[in-house]
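Asker: File my_file33.tsv below, TSV, C-alpha atoms:
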```
chain	number	residue	atom	x	y	z
L	1	MET	CA	35.42	2.97	2.71
L	2	PRO	CA	32.79	1.76	0.22
L	3	THR	CA	30.23	-0.70	1.49
L	4	ILE	CA	29.45	-3.96	-0.26
L	5	PHE	CA	26.46	-2.22	-1.89
L	6	GLU	CA	28.70	0.32	-3.61
L	7	LYS	CA	30.75	-2.56	-5.00
L	8	ILE	CA	27.60	-4.25	-6.28
L	9	ILE	CA	26.40	-0.98	-7.86
L	10	ALA	CA	29.82	-0.54	-9.51
L	11	LYS	CA	29.61	-4.18	-10.72
L	12	GLU	CA	32.86	-4.92	-8.93
L	13	ILE	CA	31.24	-7.85	-7.19
L	14	PRO	CA	28.36	-9.94	-8.49
L	15	ALA	CA	24.79	-9.96	-7.24
L	16	HIS	CA	21.52	-11.44	-8.43
L	17	ILE	CA	20.12	-8.19	-9.82
L	18	VAL	CA	16.38	-8.13	-10.54
L	19	TYR	CA	15.90	-4.44	-11.42
L	20	GLU	CA	18.08	-1.44	-12.21
L	21	ASP	CA	17.51	2.16	-13.27
L	22	ASP	CA	19.56	5.36	-13.11
L	23	LEU	CA	18.91	5.89	-9.40
L	24	THR	CA	18.18	2.46	-7.99
L	25	ILE	CA	19.23	-1.17	-8.01
L	26	ALA	CA	17.39	-4.20	-6.62
L	27	PHE	CA	18.99	-7.58	-5.98
L	28	LEU	CA	18.42	-10.71	-3.93
L	29	ASP	CA	19.57	-10.49	-0.33
L	30	VAL	CA	22.32	-13.08	-0.14
L	31	SER	CA	20.85	-14.24	3.17
L	32	GLN	CA	17.38	-15.06	1.67
L	33	ALA	CA	15.48	-14.93	4.96
L	34	THR	CA	12.67	-16.29	2.81
L	35	LYS	CA	12.40	-17.24	-0.86
L	36	GLY	CA	12.63	-14.06	-2.94
L	37	HIS	CA	13.96	-11.75	-0.18
L	38	THR	CA	15.08	-8.69	-2.15
L	39	LEU	CA	16.84	-5.41	-1.36
L	40	ILE	CA	15.94	-2.09	-3.00
L	41	VAL	CA	18.95	0.23	-2.89
L	42	PRO	CA	19.46	3.81	-4.11
L	43	LYS	CA	22.74	4.12	-6.00
L	44	SER	CA	23.77	7.15	-3.92
L	45	PRO	CA	25.23	5.99	-0.61
L	46	TYR	CA	23.07	7.76	1.98
L	47	PRO	CA	23.70	5.96	5.26
L	48	ASN	CA	20.12	5.59	6.47
L	49	LEU	CA	16.49	6.78	6.37
L	50	TYR	CA	17.21	9.97	8.31
L	51	GLU	CA	19.63	11.20	5.63
L	52	MET	CA	17.63	10.19	2.55
L	53	PRO	CA	16.43	13.03	0.27
L	54	GLU	CA	12.64	12.78	0.12
L	55	ALA	CA	12.40	12.69	-3.68
L	56	LEU	CA	14.94	9.87	-3.95
L	57	ALA	CA	13.23	7.93	-1.16
L	58	GLY	CA	9.96	8.34	-3.02
L	59	HIS	CA	11.51	6.92	-6.17
L	60	VAL	CA	12.97	3.99	-4.21
L	61	MET	CA	9.51	3.35	-2.72
L	62	GLY	CA	7.99	3.28	-6.21
L	63	VAL	CA	10.56	0.67	-7.24
L	64	ALA	CA	9.73	-1.28	-4.08
L	65	ILE	CA	6.07	-1.42	-5.15
L	66	LYS	CA	7.01	-2.65	-8.64
L	67	VAL	CA	9.30	-5.34	-7.25
L	68	ALA	CA	6.82	-6.34	-4.49
L	69	ASN	CA	4.20	-6.98	-7.15
L	70	ALA	CA	6.71	-8.98	-9.19
L	71	ILE	CA	7.56	-11.08	-6.12
L	72	LYS	CA	3.83	-11.61	-5.59
L	73	ARG	CA	3.41	-12.84	-9.16
L	74	ALA	CA	6.60	-14.92	-9.10
L	75	PHE	CA	6.18	-16.74	-5.79
L	76	GLU	CA	2.57	-16.17	-4.65
L	77	PRO	CA	3.49	-15.59	-0.98
L	78	GLU	CA	0.80	-15.27	1.69
L	79	GLY	CA	2.09	-11.82	2.63
L	80	LEU	CA	5.13	-9.54	2.58
L	81	ASN	CA	7.08	-7.31	4.95
L	82	LEU	CA	8.72	-4.09	3.80
L	83	LEU	CA	11.44	-3.15	6.24
L	84	SER	CA	14.20	-0.56	6.55
L	85	ASN	CA	16.50	-0.65	9.56
L	86	THR	CA	18.41	2.37	10.86
L	87	GLY	CA	21.21	1.65	13.32
L	88	THR	CA	22.90	-1.53	14.47
L	89	ILE	CA	20.38	-1.92	17.29
L	90	ALA	CA	17.58	-2.00	14.71
L	91	GLY	CA	19.30	-4.67	12.61
L	92	GLN	CA	21.15	-2.49	10.08
L	93	SER	CA	24.41	-4.12	8.98
L	94	VAL	CA	25.22	-2.22	5.76
L	95	PHE	CA	25.31	1.54	6.29
L	96	HIS	CA	23.87	2.45	2.92
L	97	PHE	CA	20.10	2.99	3.00
L	98	HIS	CA	18.10	0.04	1.72
L	99	ILE	CA	14.63	-1.46	1.85
L	100	HIS	CA	14.07	-5.16	2.48
L	101	LEU	CA	11.16	-6.89	0.78
L	102	ILE	CA	10.55	-10.16	2.59
L	103	PRO	CA	7.81	-12.38	1.17
L	104	ARG	CA	6.05	-14.43	3.82
L	105	TYR	CA	4.95	-18.02	3.41
L	106	GLU	CA	4.52	-19.24	6.98
L	107	LYS	CA	3.66	-17.61	10.26
L	108	ASN	CA	7.13	-17.88	11.77
L	109	ASP	CA	9.39	-17.92	8.72
L	110	ILE	CA	10.85	-14.71	10.11
L	111	GLY	CA	10.70	-13.54	13.70
L	112	LEU	CA	8.70	-10.34	14.02
L	113	SER	CA	6.80	-9.34	17.11
L	114	PHE	CA	6.10	-6.03	18.68
L	115	THR	CA	2.98	-6.55	20.71
L	116	GLU	CA	4.63	-8.06	23.76
L	117	HIS	CA	6.31	-4.94	25.06
L	118	GLN	CA	3.37	-2.57	25.32
L	119	ASP	CA	3.58	-0.07	28.08
L	120	GLU	CA	0.76	0.78	30.44
L	121	LEU	CA	0.13	4.33	29.34
L	122	SER	CA	-2.23	7.06	30.43
L	123	LEU	CA	-3.87	9.48	28.02
L	124	GLU	CA	-1.43	12.10	29.31
L	125	ASP	CA	1.51	9.85	28.45
L	126	TYR	CA	0.28	9.53	24.86
L	127	GLU	CA	-0.34	13.23	24.58
L	128	GLU	CA	3.09	14.10	25.95
L	129	ARG	CA	4.74	11.78	23.43
L	130	ALA	CA	2.72	13.20	20.53
L	131	GLU	CA	3.51	16.76	21.60
L	132	ARG	CA	7.26	16.03	21.68
L	133	ILE	CA	7.08	14.75	18.07
L	134	ARG	CA	4.93	17.70	16.94
L	135	ALA	CA	7.38	20.13	18.55
L	136	ALA	CA	10.33	18.43	16.84
L	137	LEU	CA	8.55	18.67	13.47
L	138	SER	CA	8.03	22.41	13.70
B	139	MET	CA	-16.82	-1.23	6.10
B	140	PRO	CA	-14.44	1.59	7.04
B	141	THR	CA	-11.38	0.62	9.06
B	142	ILE	CA	-10.39	2.37	12.25
B	143	PHE	CA	-7.96	4.48	10.20
B	144	GLU	CA	-10.77	5.93	8.09
B	145	LYS	CA	-12.56	6.91	11.28
B	146	ILE	CA	-9.40	8.57	12.58
B	147	ILE	CA	-8.93	10.41	9.26
B	148	ALA	CA	-12.58	11.55	9.40
B	149	LYS	CA	-12.00	12.69	13.02
B	150	GLU	CA	-14.83	10.41	14.11
B	151	ILE	CA	-12.58	8.84	16.71
B	152	PRO	CA	-9.63	10.51	18.42
B	153	ALA	CA	-5.95	9.78	17.89
B	154	HIS	CA	-2.71	11.40	18.94
B	155	ILE	CA	-1.98	13.08	15.62
B	156	VAL	CA	1.56	14.34	15.06
B	157	TYR	CA	1.36	15.39	11.39
B	158	GLU	CA	-1.31	15.93	8.77
B	159	ASP	CA	-1.44	17.19	5.19
B	160	ASP	CA	-3.90	16.81	2.30
B	161	LEU	CA	-2.80	13.26	1.49
B	162	THR	CA	-1.41	11.87	4.71
B	163	ILE	CA	-1.90	11.63	8.46
B	164	ALA	CA	0.54	10.44	11.13
B	165	PHE	CA	-0.43	9.46	14.66
B	166	LEU	CA	0.87	7.43	17.57
B	167	ASP	CA	0.22	3.70	17.32
B	168	VAL	CA	-2.05	3.03	20.28
B	169	SER	CA	0.00	-0.09	21.05
B	170	GLN	CA	3.30	1.90	21.43
B	171	ALA	CA	5.61	-1.06	20.87
B	172	THR	CA	8.27	1.45	21.93
B	173	LYS	CA	8.14	5.09	23.01
B	174	GLY	CA	7.17	7.21	20.03
B	175	HIS	CA	5.92	4.35	17.79
B	176	THR	CA	4.10	6.23	15.01
B	177	LEU	CA	2.01	5.27	11.97
B	178	ILE	CA	2.17	7.14	8.64
B	179	VAL	CA	-1.10	6.66	6.77
B	180	PRO	CA	-2.31	7.88	3.36
B	181	LYS	CA	-5.83	9.27	3.60
B	182	SER	CA	-6.98	7.15	0.65
B	183	PRO	CA	-7.77	3.64	1.83
B	184	TYR	CA	-5.55	1.44	-0.33
B	185	PRO	CA	-5.45	-1.95	1.37
B	186	ASN	CA	-1.71	-2.64	1.17
B	187	LEU	CA	1.66	-1.98	-0.52
B	188	TYR	CA	0.76	-3.90	-3.67
B	189	GLU	CA	-2.17	-1.56	-4.40
B	190	MET	CA	-0.51	1.76	-3.53
B	191	PRO	CA	-0.06	4.27	-6.39
B	192	GLU	CA	3.67	4.96	-6.68
B	193	ALA	CA	3.37	8.76	-6.43
B	194	LEU	CA	1.26	8.56	-3.27
B	195	ALA	CA	3.61	5.99	-1.74
B	196	GLY	CA	6.50	8.34	-2.50
B	197	HIS	CA	4.74	11.18	-0.71
B	198	VAL	CA	4.02	8.94	2.29
B	199	MET	CA	7.71	7.96	2.34
B	200	GLY	CA	8.70	11.64	2.39
B	201	VAL	CA	6.43	12.19	5.38
B	202	ALA	CA	7.98	9.12	7.03
B	203	ILE	CA	11.43	10.72	6.69
B	204	LYS	CA	10.21	14.00	8.23
B	205	VAL	CA	8.54	12.20	11.14
B	206	ALA	CA	11.50	9.81	11.63
B	207	ASN	CA	13.79	12.81	12.03
B	208	ALA	CA	11.35	14.40	14.47
B	209	ILE	CA	11.26	11.18	16.52
B	210	LYS	CA	15.05	11.19	16.48
B	211	ARG	CA	15.15	14.75	17.81
B	212	ALA	CA	12.34	14.15	20.32
B	213	PHE	CA	13.46	10.88	21.89
B	214	GLU	CA	17.07	10.31	20.76
B	215	PRO	CA	16.60	6.57	20.13
B	216	GLU	CA	19.57	4.33	19.31
B	217	GLY	CA	17.96	3.32	16.04
B	218	LEU	CA	14.64	2.99	14.22
B	219	ASN	CA	12.74	0.42	12.15
B	220	LEU	CA	10.49	1.42	9.27
B	221	LEU	CA	8.04	-1.38	8.58
B	222	SER	CA	5.00	-2.01	6.42
B	223	ASN	CA	3.18	-5.32	6.67
B	224	THR	CA	1.05	-6.80	3.90
B	225	GLY	CA	-1.23	-9.67	4.89
B	226	THR	CA	-2.24	-11.15	8.22
B	227	ILE	CA	0.67	-13.59	8.07
B	228	ALA	CA	3.06	-10.61	7.90
B	229	GLY	CA	1.47	-8.88	10.88
B	230	GLN	CA	-1.02	-6.58	9.13
B	231	SER	CA	-4.12	-6.01	11.24
B	232	VAL	CA	-5.65	-2.89	9.64
B	233	PHE	CA	-6.23	-3.34	5.92
B	234	HIS	CA	-5.42	0.24	4.98
B	235	PHE	CA	-1.80	0.73	3.91
B	236	HIS	CA	0.42	2.21	6.62
B	237	ILE	CA	4.05	2.54	7.60
B	238	HIS	CA	5.23	1.90	11.15
B	239	LEU	CA	8.09	3.96	12.52
B	240	ILE	CA	9.42	2.15	15.58
B	241	PRO	CA	12.23	3.90	17.46
B	242	ARG	CA	14.63	1.46	19.11
B	243	TYR	CA	16.17	1.94	22.51
B	244	GLU	CA	17.29	-1.56	23.49
B	245	LYS	CA	18.36	-4.64	21.61
B	246	ASN	CA	15.20	-6.64	22.26
B	247	ASP	CA	12.55	-3.95	22.77
B	248	ILE	CA	10.85	-5.46	19.75
B	249	GLY	CA	11.33	-8.96	18.38
B	250	LEU	CA	12.87	-8.91	14.93
B	251	SER	CA	15.00	-11.66	13.51
B	252	PHE	CA	15.40	-13.00	10.05
B	253	THR	CA	18.79	-14.58	9.99
B	254	GLU	CA	17.84	-17.91	11.54
B	255	HIS	CA	15.93	-19.31	8.64
B	256	GLN	CA	18.52	-19.10	5.90
B	257	ASP	CA	18.34	-21.80	3.32
B	258	GLU	CA	21.31	-23.67	1.95
B	259	LEU	CA	21.28	-22.35	-1.58
B	260	SER	CA	23.35	-23.00	-4.66
B	261	LEU	CA	24.25	-20.30	-7.16
B	262	GLU	CA	21.67	-21.85	-9.47
B	263	ASP	CA	18.98	-21.50	-6.79
B	264	TYR	CA	19.72	-17.78	-6.46
B	265	GLU	CA	19.76	-17.29	-10.20
B	266	GLU	CA	16.46	-19.14	-10.64
B	267	ARG	CA	14.82	-16.94	-7.97
B	268	ALA	CA	16.18	-13.75	-9.52
B	269	GLU	CA	15.04	-14.82	-12.98
B	270	ARG	CA	11.50	-15.45	-11.73
B	271	ILE	CA	11.33	-11.91	-10.32
B	272	ARG	CA	12.84	-10.38	-13.48
B	273	ALA	CA	10.34	-12.27	-15.61
B	274	ALA	CA	7.46	-11.08	-13.42
B	275	LEU	CA	8.69	-7.47	-13.75
B	276	SER	CA	8.68	-7.50	-17.53
```
Please lay out the structure from this file as structure tokens.
Answerer:
Amino acid sequence: MPTIFEKIIAKEIPAHIVYEDDLTIAFLDVSQATKGHTLIVPKSPYPNLYEMPEALAGHVMGVAIKVANAIKRAFEPEGLNLLSNTGTIAGQSVFHFHIHLIPRYEKNDIGLSFTEHQDELSLEDYEERAERIRAALS
Amino acid sequence: MPTIFEKIIAKEIPAHIVYEDDLTIAFLDVSQATKGHTLIVPKSPYPNLYEMPEALAGHVMGVAIKVANAIKRAFEPEGLNLLSNTGTIAGQSVFHFHIHLIPRYEKNDIGLSFTEHQDELSLEDYEERAERIRAALS
């Protein structure tokens, strides 16, 4: 079943499109977490980051930089978060890869914290974690 | 003044490196928001997303996909957030562009919410926002 993004790409439903090329479309997130919150979406419906071809992801990232700079010029935010969520637990609700650009104006205009849950880790714990990732890369 | 990342890249201070190539290095975030939390860092010290050359950002994104899949194989998380923060207000603490990969195991293992602050917007409000971004892109 096509997701809402495929319907937007096919122009079957409207969206506030800010950028489009052969491979990519960018439009306002209807939820507008903050003013100018924009999604960068490849036209091919890969479900998430894991499945994205590297070259296409690189192109999408280039578009994200262009649009981030346009948001900066348009709204002069204090900062900006680039975010891509994989899996329901991580906040993904449309299973078609996309990047959020969320301009930031105030400290708590979105909720984002990941310093509260630090583990107490030994050097060996770090090294074991790194080695598991290295092994999975090879 | 060089940031801590430049010192890691120069091997002047240690880090738990999981991947390295000519342009990029990836290592465990010392804060380990969750198990396997990894940073993908270009070796050139661009301060943030706005300043990143598109081709280099594309390469970094390709490395992020490789490492994300390795984290998936290594730790079998339920999901994963890819995140890049620009500006102190957005959570950036090292002013050298980097991408966080944060595997997710439980619903609230990191704090991330951006649905609570939705505005009440008219169609005209959306269209005005989109037009400002389009104008800034051209």
Asker: Please provide the set of residues having any atom within 12 Å of L:Glu124, restricted to only C-alpha atoms, with same-chain residues fewer than 6 positions apart removed, written as a PyMOL selection string.
Answerer: (chain L and resi 130-131) or (chain B and resi 154)
Asker: Check which residues of chain L sit at most 6 Å from chain B using only C-alpha atoms, and return one row each with the closest pair of atoms and their distance in Å to one decimal, ordered by chain and rising number, as JSON lines.
Answerer:
```
{"residue": "L:His16", "atom": "CA", "partner": "B:Ala268", "partner_atom": "CA", "distance": 5.9}
{"residue": "L:Val18", "atom": "CA", "partner": "B:Arg272", "partner_atom": "CA", "distance": 5.1}
{"residue": "L:Gln32", "atom": "CA", "partner": "B:Gln256", "partner_atom": "CA", "distance": 6.0}
{"residue": "L:Ala33", "atom": "CA", "partner": "B:Gln256", "partner_atom": "CA", "distance": 5.2}
{"residue": "L:Tyr50", "atom": "CA", "partner": "B:Asn207", "partner_atom": "CA", "distance": 5.8}
{"residue": "L:Glu54", "atom": "CA", "partner": "B:Gly200", "partner_atom": "CA", "distance": 4.7}
{"residue": "L:Gly58", "atom": "CA", "partner": "B:Gly196", "partner_atom": "CA", "distance": 3.5}
{"residue": "L:Met61", "atom": "CA", "partner": "B:Gly196", "partner_atom": "CA", "distance": 5.8}
{"residue": "L:Gly62", "atom": "CA", "partner": "B:Glu192", "partner_atom": "CA", "distance": 4.7}
{"residue": "L:Asn69", "atom": "CA", "partner": "B:Tyr188", "partner_atom": "CA", "distance": 5.8}
{"residue": "L:Ala70", "atom": "CA", "partner": "B:Ala274", "partner_atom": "CA", "distance": 4.8}
{"residue": "L:Ile71", "atom": "CA", "partner": "B:Ile271", "partner_atom": "CA", "distance": 5.7}
{"residue": "L:Ala74", "atom": "CA", "partner": "B:Arg270", "partner_atom": "CA", "distance": 5.6}
{"residue": "L:Gly79", "atom": "CA", "partner": "B:Gly225", "partner_atom": "CA", "distance": 4.6}
{"residue": "L:Leu80", "atom": "CA", "partner": "B:Thr224", "partner_atom": "CA", "distance": 5.1}
{"residue": "L:Asn81", "atom": "CA", "partner": "B:Asn223", "partner_atom": "CA", "distance": 4.7}
{"residue": "L:Leu82", "atom": "CA", "partner": "B:Ser222", "partner_atom": "CA", "distance": 5.0}
{"residue": "L:Leu83", "atom": "CA", "partner": "B:Leu221", "partner_atom": "CA", "distance": 4.5}
{"residue": "L:Ser84", "atom": "CA", "partner": "B:Leu220", "partner_atom": "CA", "distance": 5.0}
{"residue": "L:Asn85", "atom": "CA", "partner": "B:Asn219", "partner_atom": "CA", "distance": 4.7}
{"residue": "L:Thr86", "atom": "CA", "partner": "B:Leu218", "partner_atom": "CA", "distance": 5.1}
{"residue": "L:Gly87", "atom": "CA", "partner": "B:Gly217", "partner_atom": "CA", "distance": 4.6}
{"residue": "L:Ile89", "atom": "CA", "partner": "B:Lys245", "partner_atom": "CA", "distance": 5.5}
{"residue": "L:Ala90", "atom": "CA", "partner": "B:Gly217", "partner_atom": "CA", "distance": 5.5}
{"residue": "L:Lys107", "atom": "CA", "partner": "B:Ile227", "partner_atom": "CA", "distance": 5.5}
{"residue": "L:Ile110", "atom": "CA", "partner": "B:Phe252", "partner_atom": "CA", "distance": 4.9}
{"residue": "L:Gly111", "atom": "CA", "partner": "B:Ser251", "partner_atom": "CA", "distance": 4.7}
{"residue": "L:Leu112", "atom": "CA", "partner": "B:Leu250", "partner_atom": "CA", "distance": 4.5}
{"residue": "L:Ser113", "atom": "CA", "partner": "B:Gly249", "partner_atom": "CA", "distance": 4.7}
{"residue": "L:Phe114", "atom": "CA", "partner": "B:Ile248", "partner_atom": "CA", "distance": 4.9}
{"residue": "L:His117", "atom": "CA", "partner": "B:Ala171", "partner_atom": "CA", "distance": 5.8}
{"residue": "L:Gln118", "atom": "CA", "partner": "B:Ala171", "partner_atom": "CA", "distance": 5.2}
{"residue": "L:Ala130", "atom": "CA", "partner": "B:Val156", "partner_atom": "CA", "distance": 5.7}
{"residue": "L:Arg132", "atom": "CA", "partner": "B:Ala212", "partner_atom": "CA", "distance": 5.6}
{"residue": "L:Ile133", "atom": "CA", "partner": "B:Ala208", "partner_atom": "CA", "distance": 5.6}
{"residue": "L:Arg134", "atom": "CA", "partner": "B:Val156", "partner_atom": "CA", "distance": 5.1}
{"residue": "L:Ala136", "atom": "CA", "partner": "B:Ala208", "partner_atom": "CA", "distance": 4.8}
{"residue": "L:Leu137", "atom": "CA", "partner": "B:Ala208", "partner_atom": "CA", "distance": 5.2}
```
Asker: Would you compute, for all listed atoms of stretch 40-50 of chain L, the axis-aligned bounding box grown by 5 Å on each side, and then report its centre and edge lengths in Å rounded to one decimal, as lines of an AutoDock Vina configuration file?
Answerer:
```
center_x = 20.6
center_y = 3.9
center_z = 1.2
size_x = 19.3
size_y = 22.1
size_z = 24.3
```
Asker: How many Å separate atom CA of L:Ser93 from atom CA of L:Leu39?
Answerer: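 If I compute the distance from atom CA of L:Ser93 to atom CA of L:Leu39, I get 12.9 Å.
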Asker: Find the distance between atom CA of B:Glu150 and atom CA of B:Lys181 and write it in Å to one decimal.
Answerer: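 Atom-to-atom, atom CA of B:Glu150 and atom CA of B:Lys181 are spaced 13.9 Å apart.
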Asker: Between atom CA of L:Val94 and atom CA of L:Lys11, what is the distance in Å, rounded to a tenth?
Answerer: 17.2 Å
Asker: Which is closer to L:Met1 than all the others in L:Pro14, L:Ile40, L:Glu20, L:Pro45, using only C-alpha atoms?
Answerer: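 Checking each candidate against L:Met1, we get L:Pro45 as the closest.
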Asker: Can you give me N, CA and C atoms for stretch 190-209 of chain B, written as a PDB file, in the coordinates of the input?
Answerer:
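To be explicit, this is the file written out as out-v2.pdb:
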```
ATOM      1  N   MET B 190      -0.789   0.320  -3.688  1.00  0.00           N
ATOM      2  CA  MET B 190      -0.510   1.760  -3.530  1.00  0.00           C
ATOM      3  C   MET B 190      -0.035   2.374  -4.840  1.00  0.00           C
ATOM      4  N   PRO B 191      -0.619   3.529  -5.260  1.00  0.00           N
ATOM      5  CA  PRO B 191      -0.060   4.270  -6.390  1.00  0.00           C
ATOM      6  C   PRO B 191       1.354   4.739  -6.027  1.00  0.00           C
ATOM      7  N   GLU B 192       2.270   4.650  -6.998  1.00  0.00           N
ATOM      8  CA  GLU B 192       3.670   4.960  -6.680  1.00  0.00           C
ATOM      9  C   GLU B 192       3.848   6.402  -6.194  1.00  0.00           C
ATOM     10  N   ALA B 193       3.162   7.362  -6.822  1.00  0.00           N
ATOM     11  CA  ALA B 193       3.370   8.760  -6.430  1.00  0.00           C
ATOM     12  C   ALA B 193       2.904   8.995  -4.989  1.00  0.00           C
ATOM     13  N   LEU B 194       1.767   8.408  -4.640  1.00  0.00           N
ATOM     14  CA  LEU B 194       1.260   8.560  -3.270  1.00  0.00           C
ATOM     15  C   LEU B 194       2.200   7.880  -2.270  1.00  0.00           C
ATOM     16  N   ALA B 195       2.674   6.691  -2.626  1.00  0.00           N
ATOM     17  CA  ALA B 195       3.610   5.990  -1.740  1.00  0.00           C
ATOM     18  C   ALA B 195       4.887   6.808  -1.553  1.00  0.00           C
ATOM     19  N   GLY B 196       5.321   7.481  -2.614  1.00  0.00           N
ATOM     20  CA  GLY B 196       6.500   8.340  -2.500  1.00  0.00           C
ATOM     21  C   GLY B 196       6.257   9.499  -1.548  1.00  0.00           C
ATOM     22  N   HIS B 197       5.073  10.091  -1.632  1.00  0.00           N
ATOM     23  CA  HIS B 197       4.740  11.180  -0.710  1.00  0.00           C
ATOM     24  C   HIS B 197       4.715  10.674   0.740  1.00  0.00           C
ATOM     25  N   VAL B 198       4.091   9.523   0.940  1.00  0.00           N
ATOM     26  CA  VAL B 198       4.020   8.940   2.290  1.00  0.00           C
ATOM     27  C   VAL B 198       5.436   8.682   2.813  1.00  0.00           C
ATOM     28  N   MET B 199       6.321   8.219   1.929  1.00  0.00           N
ATOM     29  CA  MET B 199       7.710   7.960   2.340  1.00  0.00           C
ATOM     30  C   MET B 199       8.407   9.264   2.738  1.00  0.00           C
ATOM     31  N   GLY B 200       8.132  10.339   2.009  1.00  0.00           N
ATOM     32  CA  GLY B 200       8.700  11.640   2.390  1.00  0.00           C
ATOM     33  C   GLY B 200       8.238  12.076   3.766  1.00  0.00           C
ATOM     34  N   VAL B 201       6.953  11.870   4.047  1.00  0.00           N
ATOM     35  CA  VAL B 201       6.430  12.190   5.380  1.00  0.00           C
ATOM     36  C   VAL B 201       7.103  11.296   6.429  1.00  0.00           C
ATOM     37  N   ALA B 202       7.313  10.034   6.090  1.00  0.00           N
ATOM     38  CA  ALA B 202       7.980   9.120   7.030  1.00  0.00           C
ATOM     39  C   ALA B 202       9.375   9.635   7.393  1.00  0.00           C
ATOM     40  N   ILE B 203      10.087  10.186   6.408  1.00  0.00           N
ATOM     41  CA  ILE B 203      11.430  10.720   6.690  1.00  0.00           C
ATOM     42  C   ILE B 203      11.344  11.936   7.621  1.00  0.00           C
ATOM     43  N   LYS B 204      10.387  12.829   7.351  1.00  0.00           N
ATOM     44  CA  LYS B 204      10.210  14.000   8.230  1.00  0.00           C
ATOM     45  C   LYS B 204       9.909  13.560   9.662  1.00  0.00           C
ATOM     46  N   VAL B 205       8.967  12.624   9.794  1.00  0.00           N
ATOM     47  CA  VAL B 205       8.540  12.200  11.140  1.00  0.00           C
ATOM     48  C   VAL B 205       9.656  11.398  11.820  1.00  0.00           C
ATOM     49  N   ALA B 206      10.376  10.573  11.055  1.00  0.00           N
ATOM     50  CA  ALA B 206      11.500   9.810  11.630  1.00  0.00           C
ATOM     51  C   ALA B 206      12.534  10.764  12.226  1.00  0.00           C
ATOM     52  N   ASN B 207      12.820  11.842  11.500  1.00  0.00           N
ATOM     53  CA  ASN B 207      13.790  12.810  12.030  1.00  0.00           C
ATOM     54  C   ASN B 207      13.250  13.540  13.256  1.00  0.00           C
ATOM     55  N   ALA B 208      11.941  13.774  13.285  1.00  0.00           N
ATOM     56  CA  ALA B 208      11.350  14.400  14.470  1.00  0.00           C
ATOM     57  C   ALA B 208      11.415  13.456  15.673  1.00  0.00           C
ATOM     58  N   ILE B 209      11.139  12.175  15.437  1.00  0.00           N
ATOM     59  CA  ILE B 209      11.260  11.180  16.520  1.00  0.00           C
ATOM     60  C   ILE B 209      12.691  11.121  17.027  1.00  0.00           C
TER      61      ILE B 209
END
```
